[in-house]
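S.K.: Take a look at the following structure, please.
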Amino acid sequence: MRLIRGLLLVSFILFLPGVSAAQTLEPCGGDVACKIGDRSYNILMPDNWDGVTPLPVLMHFHAFLRRGRTVIHHPRIGSETKPRGVMLVAPSARNRAWRFWQDNPEDIDFADAVLADVAKRYPVDQSQIYVSGFSFGSAMAWRYACARGDRIAGLMTMSGTIKQDSDCPNPPKQVRHVHGLGDIWMHLPRGPGHNVTTAVALWRKAFRCGKGRLEGVIELAPGLNVTHFVWDNCMPGRSVTLDVHSGGHFIPTGWLGRQLDGLMPQRPG
């Protein structure tokens, strides 16, 4: 009888709020931010997820003075991940500004904590962790990829870089970057003779790439064309692309989705 009462008591305790691992995590998602200490991030789930299959993840770093909630509602970010079965994860910077100037910013540890927290909440395909960013968030994505590249299946950045001679001890395998010639907020880095390919010199060096090639002009959307450069003669499994357009500081329509389509494993059918 005492044994039965003991088992009932244990069962009761296990079902108390906060006792099981699942119940220790406060529900979150969409506009309800997920908390990590005094910081937070937002999640946007993909369409038609079956609740079981491990999810690819895109962690996107927002622009200056923005936050994670801005990202999940952005028509050129969330609308690209949802139909592709990708979970969008959007960390929020402290004081809405990423600290990417140093080689080892605190924000790298925070981004690590975000991905770890996501993996506690959902089944995650660890072979498909992608990172992206726009503006200051693009620079933060570069910095994160240089530190944690072995965990990243692909880096996709828009309108923002770090110094091309920065230390990059652990680069990712695949890098895709887009930048506007008319960007006055985060200028496109150029080399001698206004060489635009200097914008990805850091990655080309890290990957030991040979001479790149110009593949021509790609129309992303009506009235929006990009000049497409490719370096695929690098270390095994490494490649870099650079898309340059004549516009300013913005996320090109359809660009992020096109990169995801190219980087993600092709599914049957």
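Scheme for the structure tokens: letters A, B, ... for chains in order shown; per-chain residue numbers from 1; ligand numbers from 1 in order shown.
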Skip segment 202-211 of chain A itself and residues of its chain fewer than 4 positions away, then list as a PyMOL selection string all residues within 9 Å of it, counting only C-alpha atoms.
M.R.: chain A and resi 162-173+175+198+231-236+238-240
S.K.: Mind writing the picked residues with N, CA, C and O atoms as a compact mmCIF listing (two decimals), in the first residue's frame?
M.R.:
```
# COMPACT_ATOMS: atom_id res chain seq x y z
N ILE A 162 31.97 42.66 -42.77
CA ILE A 162 32.97 43.08 -41.79
C ILE A 162 34.26 43.35 -42.57
O ILE A 162 34.32 43.15 -43.78
N LYS A 163 35.30 43.81 -41.88
CA LYS A 163 36.56 44.08 -42.57
C LYS A 163 37.07 42.81 -43.23
O LYS A 163 37.08 41.74 -42.63
N GLN A 164 37.50 42.95 -44.47
CA GLN A 164 37.88 41.77 -45.25
C GLN A 164 39.17 41.11 -44.78
O GLN A 164 39.48 39.99 -45.18
N ASP A 165 39.92 41.80 -43.90
CA ASP A 165 41.11 41.17 -43.33
C ASP A 165 40.84 40.64 -41.92
O ASP A 165 41.78 40.33 -41.18
N SER A 166 39.58 40.50 -41.55
CA SER A 166 39.21 39.99 -40.23
C SER A 166 39.64 38.54 -40.08
O SER A 166 39.71 37.78 -41.06
N ASP A 167 39.90 38.15 -38.84
CA ASP A 167 40.25 36.76 -38.56
C ASP A 167 39.00 35.89 -38.70
O ASP A 167 37.93 36.23 -38.20
N CYS A 168 39.15 34.79 -39.40
CA CYS A 168 38.00 33.89 -39.63
C CYS A 168 38.47 32.46 -39.43
O CYS A 168 38.72 31.72 -40.38
N PRO A 169 38.59 32.04 -38.16
CA PRO A 169 39.19 30.74 -37.84
C PRO A 169 38.34 29.53 -38.20
O PRO A 169 38.86 28.42 -38.32
N ASN A 170 37.04 29.72 -38.38
CA ASN A 170 36.16 28.57 -38.57
C ASN A 170 35.06 28.91 -39.59
O ASN A 170 33.89 29.02 -39.23
N PRO A 171 35.42 29.12 -40.84
CA PRO A 171 34.43 29.57 -41.83
C PRO A 171 33.42 28.49 -42.20
O PRO A 171 33.69 27.30 -42.05
N PRO A 172 32.25 28.90 -42.68
CA PRO A 172 31.24 27.93 -43.13
C PRO A 172 31.63 27.35 -44.49
O PRO A 172 32.66 27.71 -45.06
N LYS A 173 30.80 26.46 -45.01
CA LYS A 173 31.13 25.83 -46.29
C LYS A 173 30.62 26.63 -47.48
O LYS A 173 31.27 26.68 -48.52
N VAL A 175 28.79 30.31 -48.91
CA VAL A 175 28.48 31.71 -48.63
C VAL A 175 27.80 32.33 -49.84
O VAL A 175 28.25 32.17 -50.99
N THR A 198 35.87 42.41 -54.30
CA THR A 198 36.55 42.58 -53.02
C THR A 198 35.58 42.39 -51.86
O THR A 198 35.99 42.06 -50.74
N TRP A 231 32.45 31.64 -57.32
CA TRP A 231 33.73 31.00 -57.05
C TRP A 231 33.43 29.58 -56.55
O TRP A 231 33.00 29.39 -55.41
N ASP A 232 33.62 28.60 -57.41
CA ASP A 232 33.38 27.22 -57.02
C ASP A 232 34.63 26.35 -57.21
O ASP A 232 34.56 25.12 -57.16
N ASN A 233 35.76 27.01 -57.43
CA ASN A 233 37.05 26.32 -57.56
C ASN A 233 37.86 26.52 -56.28
O ASN A 233 39.01 26.96 -56.31
N CYS A 234 37.21 26.18 -55.16
CA CYS A 234 37.78 26.40 -53.84
C CYS A 234 38.12 25.05 -53.19
O CYS A 234 38.17 24.03 -53.87
N MET A 235 38.36 25.06 -51.89
CA MET A 235 38.55 23.82 -51.15
C MET A 235 37.33 22.92 -51.38
O MET A 235 36.24 23.43 -51.66
N PRO A 236 37.48 21.60 -51.28
CA PRO A 236 36.35 20.70 -51.54
C PRO A 236 35.12 21.07 -50.71
O PRO A 236 35.20 21.30 -49.50
N ARG A 238 33.38 23.80 -50.82
CA ARG A 238 33.24 25.22 -50.50
C ARG A 238 32.92 26.01 -51.77
O ARG A 238 33.43 25.70 -52.85
N SER A 239 32.12 27.04 -51.62
CA SER A 239 31.85 27.93 -52.75
C SER A 239 31.34 29.28 -52.24
O SER A 239 30.84 29.38 -51.11
N VAL A 240 31.49 30.30 -53.09
CA VAL A 240 31.05 31.66 -52.77
C VAL A 240 30.33 32.21 -53.98
O VAL A 240 30.74 31.98 -55.12
```
S.K.: Leaving out Ile251 of chain A and any residue of its chain fewer than 3 positions from it, which residues lie within 10 Å of it when counting only C-alpha atoms, given as a PDB file with N, CA and C atoms, in the first residue's frame?
M.R.:
```
ATOM      1  N   HIS A  74       8.624  40.244 -41.784  1.00  0.00           N
ATOM      2  CA  HIS A  74       9.193  40.884 -42.969  1.00  0.00           C
ATOM      3  C   HIS A  74       8.768  40.125 -44.228  1.00  0.00           C
ATOM      4  N   PRO A  75       8.218  40.817 -45.215  1.00  0.00           N
ATOM      5  CA  PRO A  75       7.711  40.134 -46.412  1.00  0.00           C
ATOM      6  C   PRO A  75       8.788  39.483 -47.269  1.00  0.00           C
ATOM      7  N   ARG A  76      10.063  39.840 -47.047  1.00  0.00           N
ATOM      8  CA  ARG A  76      11.126  39.252 -47.856  1.00  0.00           C
ATOM      9  C   ARG A  76      11.984  38.268 -47.054  1.00  0.00           C
ATOM     10  N   ILE A  77      11.519  37.945 -45.843  1.00  0.00           N
ATOM     11  CA  ILE A  77      12.245  36.960 -45.028  1.00  0.00           C
ATOM     12  C   ILE A  77      11.296  35.823 -44.646  1.00  0.00           C
ATOM     13  N   GLY A 133      21.398  37.492 -42.542  1.00  0.00           N
ATOM     14  CA  GLY A 133      21.308  38.778 -41.864  1.00  0.00           C
ATOM     15  C   GLY A 133      21.242  39.899 -42.869  1.00  0.00           C
ATOM     16  N   PHE A 134      20.726  41.040 -42.403  1.00  0.00           N
ATOM     17  CA  PHE A 134      20.623  42.224 -43.254  1.00  0.00           C
ATOM     18  C   PHE A 134      21.242  43.419 -42.538  1.00  0.00           C
ATOM     19  N   SER A 135      22.026  44.207 -43.284  1.00  0.00           N
ATOM     20  CA  SER A 135      22.617  45.439 -42.757  1.00  0.00           C
ATOM     21  C   SER A 135      23.569  45.126 -41.587  1.00  0.00           C
ATOM     22  N   THR A 157      23.888  36.560 -46.762  1.00  0.00           N
ATOM     23  CA  THR A 157      23.962  37.896 -46.176  1.00  0.00           C
ATOM     24  C   THR A 157      23.617  38.978 -47.192  1.00  0.00           C
ATOM     25  N   MET A 158      23.059  40.068 -46.666  1.00  0.00           N
ATOM     26  CA  MET A 158      22.531  41.132 -47.506  1.00  0.00           C
ATOM     27  C   MET A 158      22.952  42.501 -46.984  1.00  0.00           C
ATOM     28  N   SER A 159      23.678  43.237 -47.817  1.00  0.00           N
ATOM     29  CA  SER A 159      23.978  44.656 -47.549  1.00  0.00           C
ATOM     30  C   SER A 159      24.742  44.899 -46.258  1.00  0.00           C
ATOM     31  N   VAL A 178      24.741  39.440 -51.216  1.00  0.00           N
ATOM     32  CA  VAL A 178      24.185  40.393 -52.173  1.00  0.00           C
ATOM     33  C   VAL A 178      24.377  41.804 -51.626  1.00  0.00           C
ATOM     34  N   HIS A 179      24.674  42.752 -52.533  1.00  0.00           N
ATOM     35  CA  HIS A 179      24.950  44.121 -52.101  1.00  0.00           C
ATOM     36  C   HIS A 179      24.616  45.081 -53.239  1.00  0.00           C
ATOM     37  N   GLY A 180      24.199  46.293 -52.875  1.00  0.00           N
ATOM     38  CA  GLY A 180      23.856  47.308 -53.863  1.00  0.00           C
ATOM     39  C   GLY A 180      24.996  48.280 -54.111  1.00  0.00           C
ATOM     40  N   GLY A 248      20.124  50.428 -53.653  1.00  0.00           N
ATOM     41  CA  GLY A 248      20.691  50.844 -52.390  1.00  0.00           C
ATOM     42  C   GLY A 248      20.650  49.779 -51.308  1.00  0.00           C
ATOM     43  N   GLY A 254      12.829  38.132 -53.350  1.00  0.00           N
ATOM     44  CA  GLY A 254      13.076  36.783 -53.846  1.00  0.00           C
ATOM     45  C   GLY A 254      14.492  36.266 -53.674  1.00  0.00           C
ATOM     46  N   TRP A 255      15.424  37.119 -53.241  1.00  0.00           N
ATOM     47  CA  TRP A 255      16.824  36.676 -53.175  1.00  0.00           C
ATOM     48  C   TRP A 255      17.029  35.590 -52.125  1.00  0.00           C
ATOM     49  N   LEU A 256      16.481  35.769 -50.947  1.00  0.00           N
ATOM     50  CA  LEU A 256      16.695  34.805 -49.873  1.00  0.00           C
ATOM     51  C   LEU A 256      16.115  33.434 -50.224  1.00  0.00           C
TER      52      LEU A 256
END
```
S.K.: Please provide as a CSV table (one decimal) with N, CA, C and O atoms, in the first residue's frame all residues within 10 Å of Val196 of chain A, with the sequence filter that same-chain residues fewer than 3 positions apart are discarded (counting only C-alpha atoms).
M.R.:
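In the end it all went to selection_27.csv:
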```csv
chain,number,residue,atom,x,y,z
A,179,HIS,N,24.7,42.8,-52.5
A,179,HIS,CA,25.0,44.1,-52.1
A,179,HIS,C,24.6,45.1,-53.2
A,179,HIS,O,24.8,44.7,-54.4
A,181,LEU,N,25.2,48.6,-55.4
A,181,LEU,CA,26.2,49.6,-55.7
A,181,LEU,C,25.9,51.0,-55.1
A,181,LEU,O,26.8,51.7,-54.8
A,188,LEU,N,29.4,49.0,-50.3
A,188,LEU,CA,29.9,47.8,-50.9
A,188,LEU,C,31.5,48.0,-50.9
A,188,LEU,O,32.0,48.9,-51.5
A,189,PRO,N,32.2,47.1,-50.2
A,189,PRO,CA,33.7,47.2,-50.3
A,189,PRO,C,34.2,47.0,-51.7
A,189,PRO,O,33.7,46.1,-52.4
A,190,ARG,N,35.1,47.8,-52.1
A,190,ARG,CA,35.7,47.7,-53.5
A,190,ARG,C,37.2,47.7,-53.4
A,190,ARG,O,37.8,48.4,-52.6
A,191,GLY,N,37.8,47.1,-54.4
A,191,GLY,CA,39.2,47.1,-54.5
A,191,GLY,C,39.7,48.0,-55.6
A,191,GLY,O,39.0,48.8,-56.1
A,192,PRO,N,41.0,47.8,-56.0
A,192,PRO,CA,41.6,48.6,-57.1
A,192,PRO,C,40.7,48.5,-58.3
A,192,PRO,O,40.2,47.5,-58.7
A,193,GLY,N,40.6,49.7,-58.9
A,193,GLY,CA,39.7,49.8,-60.1
A,193,GLY,C,38.3,49.6,-59.8
A,193,GLY,O,37.5,49.2,-60.7
A,199,ALA,N,34.3,42.6,-52.1
A,199,ALA,CA,33.3,42.4,-51.1
A,199,ALA,C,33.2,41.1,-50.4
A,199,ALA,O,32.8,40.9,-49.3
A,200,VAL,N,33.7,40.0,-51.1
A,200,VAL,CA,33.8,38.7,-50.5
A,200,VAL,C,35.2,38.1,-50.5
A,200,VAL,O,35.4,36.9,-50.5
A,201,ALA,N,36.2,39.0,-50.4
A,201,ALA,CA,37.6,38.6,-50.4
A,201,ALA,C,37.9,37.7,-49.2
A,201,ALA,O,38.7,36.8,-49.2
A,229,PHE,N,28.3,36.7,-59.7
A,229,PHE,CA,29.7,36.1,-59.7
A,229,PHE,C,29.7,34.8,-58.9
A,229,PHE,O,29.1,34.7,-57.9
A,242,LEU,N,28.5,36.1,-55.3
A,242,LEU,CA,28.2,37.5,-55.0
A,242,LEU,C,27.3,38.0,-56.0
A,242,LEU,O,27.5,37.8,-57.2
A,243,ASP,N,26.2,38.6,-55.6
A,243,ASP,CA,25.2,39.3,-56.5
A,243,ASP,C,25.3,40.8,-56.2
A,243,ASP,O,25.1,41.2,-55.0
A,244,VAL,N,25.4,41.5,-57.3
A,244,VAL,CA,25.5,43.0,-57.2
A,244,VAL,C,24.4,43.6,-58.0
A,244,VAL,O,24.2,43.2,-59.1
```
S.K.: Residues at most 7 Å from Leu58 of chain A, counting only C-alpha atoms, excluding those fewer than 3 positions away in the same chain, as a PyMOL selection string?
M.R.: chain A and resi 86-89+129-131
S.K.: With a distance cut-off of 12 Å and only C-alpha atoms, select the neighbouring residues of Trp49 of chain A, excluding the residue or stretch itself and same-chain residues fewer than 4 positions from it, and output the selection as a list in words.
M.R.: Leu44, Met45, Thr53, Pro54, Leu55, Pro56, Lys82, Pro83, Arg84, Gly85, Val86, Met87, Tyr122 and Pro123 of chain A
S.K.: Might you pull out every residue within 9 Å of Leu220 of chain A, with only C-alpha atoms counted and same-chain residues fewer than 3 positions away left off, and present them as a PDB file with all heavy atoms, in the first residue's frame?
M.R.:
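Below is the file out37.pdb, written as the result:
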```
ATOM      1  N   GLY A 223      12.242  44.456 -62.951  1.00  0.00           N
ATOM      2  CA  GLY A 223      12.996  45.685 -62.724  1.00  0.00           C
ATOM      3  C   GLY A 223      14.167  45.545 -61.776  1.00  0.00           C
ATOM      4  O   GLY A 223      14.862  46.528 -61.489  1.00  0.00           O
ATOM      5  N   LEU A 224      14.413  44.331 -61.264  1.00  0.00           N
ATOM      6  CA  LEU A 224      15.526  44.124 -60.345  1.00  0.00           C
ATOM      7  C   LEU A 224      16.439  43.018 -60.877  1.00  0.00           C
ATOM      8  O   LEU A 224      16.113  41.835 -60.810  1.00  0.00           O
ATOM      9  CB  LEU A 224      15.026  43.755 -58.946  1.00  0.00           C
ATOM     10  CG  LEU A 224      16.125  43.525 -57.905  1.00  0.00           C
ATOM     11  CD1 LEU A 224      16.954  44.778 -57.708  1.00  0.00           C
ATOM     12  CD2 LEU A 224      15.529  43.062 -56.578  1.00  0.00           C
ATOM     13  N   ASN A 225      17.566  43.438 -61.403  1.00  0.00           N
ATOM     14  CA  ASN A 225      18.555  42.503 -61.930  1.00  0.00           C
ATOM     15  C   ASN A 225      19.802  42.524 -61.069  1.00  0.00           C
ATOM     16  O   ASN A 225      20.179  43.563 -60.517  1.00  0.00           O
ATOM     17  CB  ASN A 225      18.929  42.871 -63.371  1.00  0.00           C
ATOM     18  CG  ASN A 225      17.749  42.776 -64.315  1.00  0.00           C
ATOM     19  OD1 ASN A 225      16.873  41.926 -64.134  1.00  0.00           O
ATOM     20  ND2 ASN A 225      17.702  43.635 -65.314  1.00  0.00           N
ATOM     21  N   VAL A 226      20.465  41.377 -60.939  1.00  0.00           N
ATOM     22  CA  VAL A 226      21.737  41.309 -60.222  1.00  0.00           C
ATOM     23  C   VAL A 226      22.798  40.717 -61.132  1.00  0.00           C
ATOM     24  O   VAL A 226      22.514  39.828 -61.943  1.00  0.00           O
ATOM     25  CB  VAL A 226      21.623  40.461 -58.932  1.00  0.00           C
ATOM     26  CG1 VAL A 226      20.665  41.092 -57.945  1.00  0.00           C
ATOM     27  CG2 VAL A 226      21.225  39.019 -59.236  1.00  0.00           C
ATOM     28  N   PRO A 252      16.705  42.377 -51.490  1.00  0.00           N
ATOM     29  CA  PRO A 252      16.072  42.182 -52.794  1.00  0.00           C
ATOM     30  C   PRO A 252      14.946  41.156 -52.752  1.00  0.00           C
ATOM     31  O   PRO A 252      15.063  40.099 -52.114  1.00  0.00           O
ATOM     32  CB  PRO A 252      17.226  41.680 -53.676  1.00  0.00           C
ATOM     33  CG  PRO A 252      18.467  42.128 -52.978  1.00  0.00           C
ATOM     34  CD  PRO A 252      18.145  42.063 -51.515  1.00  0.00           C
ATOM     35  N   THR A 253      13.878  41.449 -53.411  1.00  0.00           N
ATOM     36  CA  THR A 253      12.738  40.540 -53.488  1.00  0.00           C
ATOM     37  C   THR A 253      13.161  39.189 -54.065  1.00  0.00           C
ATOM     38  O   THR A 253      13.786  39.118 -55.123  1.00  0.00           O
ATOM     39  CB  THR A 253      11.636  41.150 -54.373  1.00  0.00           C
ATOM     40  OG1 THR A 253      11.211  42.385 -53.808  1.00  0.00           O
ATOM     41  CG2 THR A 253      10.448  40.209 -54.496  1.00  0.00           C
ATOM     42  N   GLY A 254      12.829  38.132 -53.350  1.00  0.00           N
ATOM     43  CA  GLY A 254      13.076  36.783 -53.846  1.00  0.00           C
ATOM     44  C   GLY A 254      14.492  36.266 -53.674  1.00  0.00           C
ATOM     45  O   GLY A 254      14.735  35.078 -53.917  1.00  0.00           O
ATOM     46  N   TRP A 255      15.424  37.119 -53.241  1.00  0.00           N
ATOM     47  CA  TRP A 255      16.824  36.676 -53.175  1.00  0.00           C
ATOM     48  C   TRP A 255      17.029  35.590 -52.125  1.00  0.00           C
ATOM     49  O   TRP A 255      17.678  34.576 -52.394  1.00  0.00           O
ATOM     50  CB  TRP A 255      17.736  37.864 -52.884  1.00  0.00           C
ATOM     51  CG  TRP A 255      19.198  37.515 -52.949  1.00  0.00           C
ATOM     52  CD1 TRP A 255      19.977  37.471 -54.073  1.00  0.00           C
ATOM     53  CD2 TRP A 255      20.048  37.109 -51.864  1.00  0.00           C
ATOM     54  NE1 TRP A 255      21.269  37.088 -53.756  1.00  0.00           N
ATOM     55  CE2 TRP A 255      21.337  36.848 -52.399  1.00  0.00           C
ATOM     56  CE3 TRP A 255      19.844  36.945 -50.495  1.00  0.00           C
ATOM     57  CZ2 TRP A 255      22.407  36.443 -51.608  1.00  0.00           C
ATOM     58  CZ3 TRP A 255      20.902  36.532 -49.708  1.00  0.00           C
ATOM     59  CH2 TRP A 255      22.173  36.285 -50.256  1.00  0.00           C
ATOM     60  N   ARG A 258      15.671  32.191 -53.205  1.00  0.00           N
ATOM     61  CA  ARG A 258      16.497  31.588 -54.255  1.00  0.00           C
ATOM     62  C   ARG A 258      17.739  30.922 -53.652  1.00  0.00           C
ATOM     63  O   ARG A 258      18.142  29.837 -54.078  1.00  0.00           O
ATOM     64  CB  ARG A 258      16.900  32.661 -55.268  1.00  0.00           C
ATOM     65  CG  ARG A 258      17.770  32.144 -56.410  1.00  0.00           C
ATOM     66  CD  ARG A 258      18.231  33.294 -57.290  1.00  0.00           C
ATOM     67  NE  ARG A 258      17.144  33.799 -58.114  1.00  0.00           N
ATOM     68  CZ  ARG A 258      16.885  33.411 -59.343  1.00  0.00           C
ATOM     69  NH1 ARG A 258      17.632  32.462 -59.905  1.00  0.00           N
ATOM     70  NH2 ARG A 258      15.897  33.929 -60.040  1.00  0.00           N
TER      71      ARG A 258
END
```
S.K.: If DSSP is run on the backbone, what residues of segment 31-221 of chain A are strand (DSSP E or B)? A reply as number ranges by chain would be ideal.
M.R.: A: 32, 34-36, 39-44, 55-61, 87-91, 124-134, 154-158, 174-180, 191, 195, 213-221
S.K.: Go ahead and save the picked residues with C-alpha atoms, as a short mmCIF file (atom, residue, chain, number, x, y, z; two decimals), in the first residue's frame.
M.R.:
```cif
data_model
loop_
_atom_site.label_atom_id
_atom_site.label_comp_id
_atom_site.auth_asym_id
_atom_site.auth_seq_id
_atom_site.Cartn_x
_atom_site.Cartn_y
_atom_site.Cartn_z
CA VAL A 32 5.28 35.85 -28.27
CA CYS A 34 11.04 33.11 -26.38
CA LYS A 35 13.05 34.21 -23.33
CA ILE A 36 16.68 33.46 -22.53
CA ARG A 39 17.08 38.51 -23.80
CA SER A 40 14.74 36.98 -26.36
CA TYR A 41 14.15 35.67 -29.85
CA ASN A 42 11.14 35.01 -32.08
CA ILE A 43 10.14 31.93 -34.06
CA LEU A 44 8.11 31.62 -37.26
CA LEU A 55 13.16 21.05 -39.17
CA PRO A 56 15.78 23.01 -41.10
CA VAL A 57 16.47 26.30 -39.30
CA LEU A 58 17.32 29.74 -40.63
CA MET A 59 18.67 32.06 -37.93
CA HIS A 60 18.41 35.64 -39.15
CA PHE A 61 20.12 38.65 -37.53
CA MET A 87 11.78 27.36 -39.23
CA LEU A 88 12.76 31.02 -39.00
CA VAL A 89 14.57 31.98 -35.79
CA ALA A 90 15.14 35.67 -35.12
CA PRO A 91 17.26 36.73 -32.13
CA VAL A 124 15.92 20.29 -35.45
CA ASP A 125 17.86 18.99 -38.43
CA GLN A 126 21.36 19.87 -37.22
CA SER A 127 22.75 19.32 -40.71
CA GLN A 128 20.58 22.18 -41.99
CA ILE A 129 21.35 25.19 -39.81
CA TYR A 130 21.46 28.27 -42.03
CA VAL A 131 22.38 31.81 -41.03
CA SER A 132 21.40 35.09 -42.65
CA GLY A 133 21.31 38.78 -41.86
CA PHE A 134 20.62 42.22 -43.25
CA GLY A 154 25.09 27.99 -45.49
CA LEU A 155 25.49 31.73 -44.91
CA MET A 156 23.25 34.21 -46.75
CA THR A 157 23.96 37.90 -46.18
CA MET A 158 22.53 41.13 -47.51
CA GLN A 174 28.83 27.93 -48.45
CA VAL A 175 28.48 31.71 -48.63
CA ARG A 176 25.99 33.77 -50.61
CA HIS A 177 26.13 37.58 -50.49
CA VAL A 178 24.18 40.39 -52.17
CA HIS A 179 24.95 44.12 -52.10
CA GLY A 180 23.86 47.31 -53.86
CA GLY A 191 39.23 47.05 -54.50
CA ASN A 195 36.59 45.87 -58.16
CA ARG A 213 33.76 33.93 -63.04
CA LEU A 214 30.98 36.28 -64.06
CA GLU A 215 27.86 34.24 -64.87
CA GLY A 216 25.86 37.14 -66.21
CA VAL A 217 22.74 38.95 -65.09
CA ILE A 218 19.87 37.33 -63.20
CA GLU A 219 16.40 38.88 -62.94
CA LEU A 220 15.16 38.45 -59.36
CA ALA A 221 11.98 40.46 -59.82
#
```
S.K.: Per DSSP on the backbone, filter segment 125-186 of chain A down to the residues in helix (DSSP H, G or I) and report them as a list of chain:residue names.
M.R.: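 The helix (DSSP H, G or I) subset of segment 125-186 of chain A is A:Phe136, A:Gly137, A:Ser138, A:Ala139, A:Met140, A:Ala141, A:Trp142, A:Arg143, A:Tyr144, A:Ala145, A:Cys146, A:Ala147, A:Arg148, A:Gly149, A:Asp150, A:Arg151.
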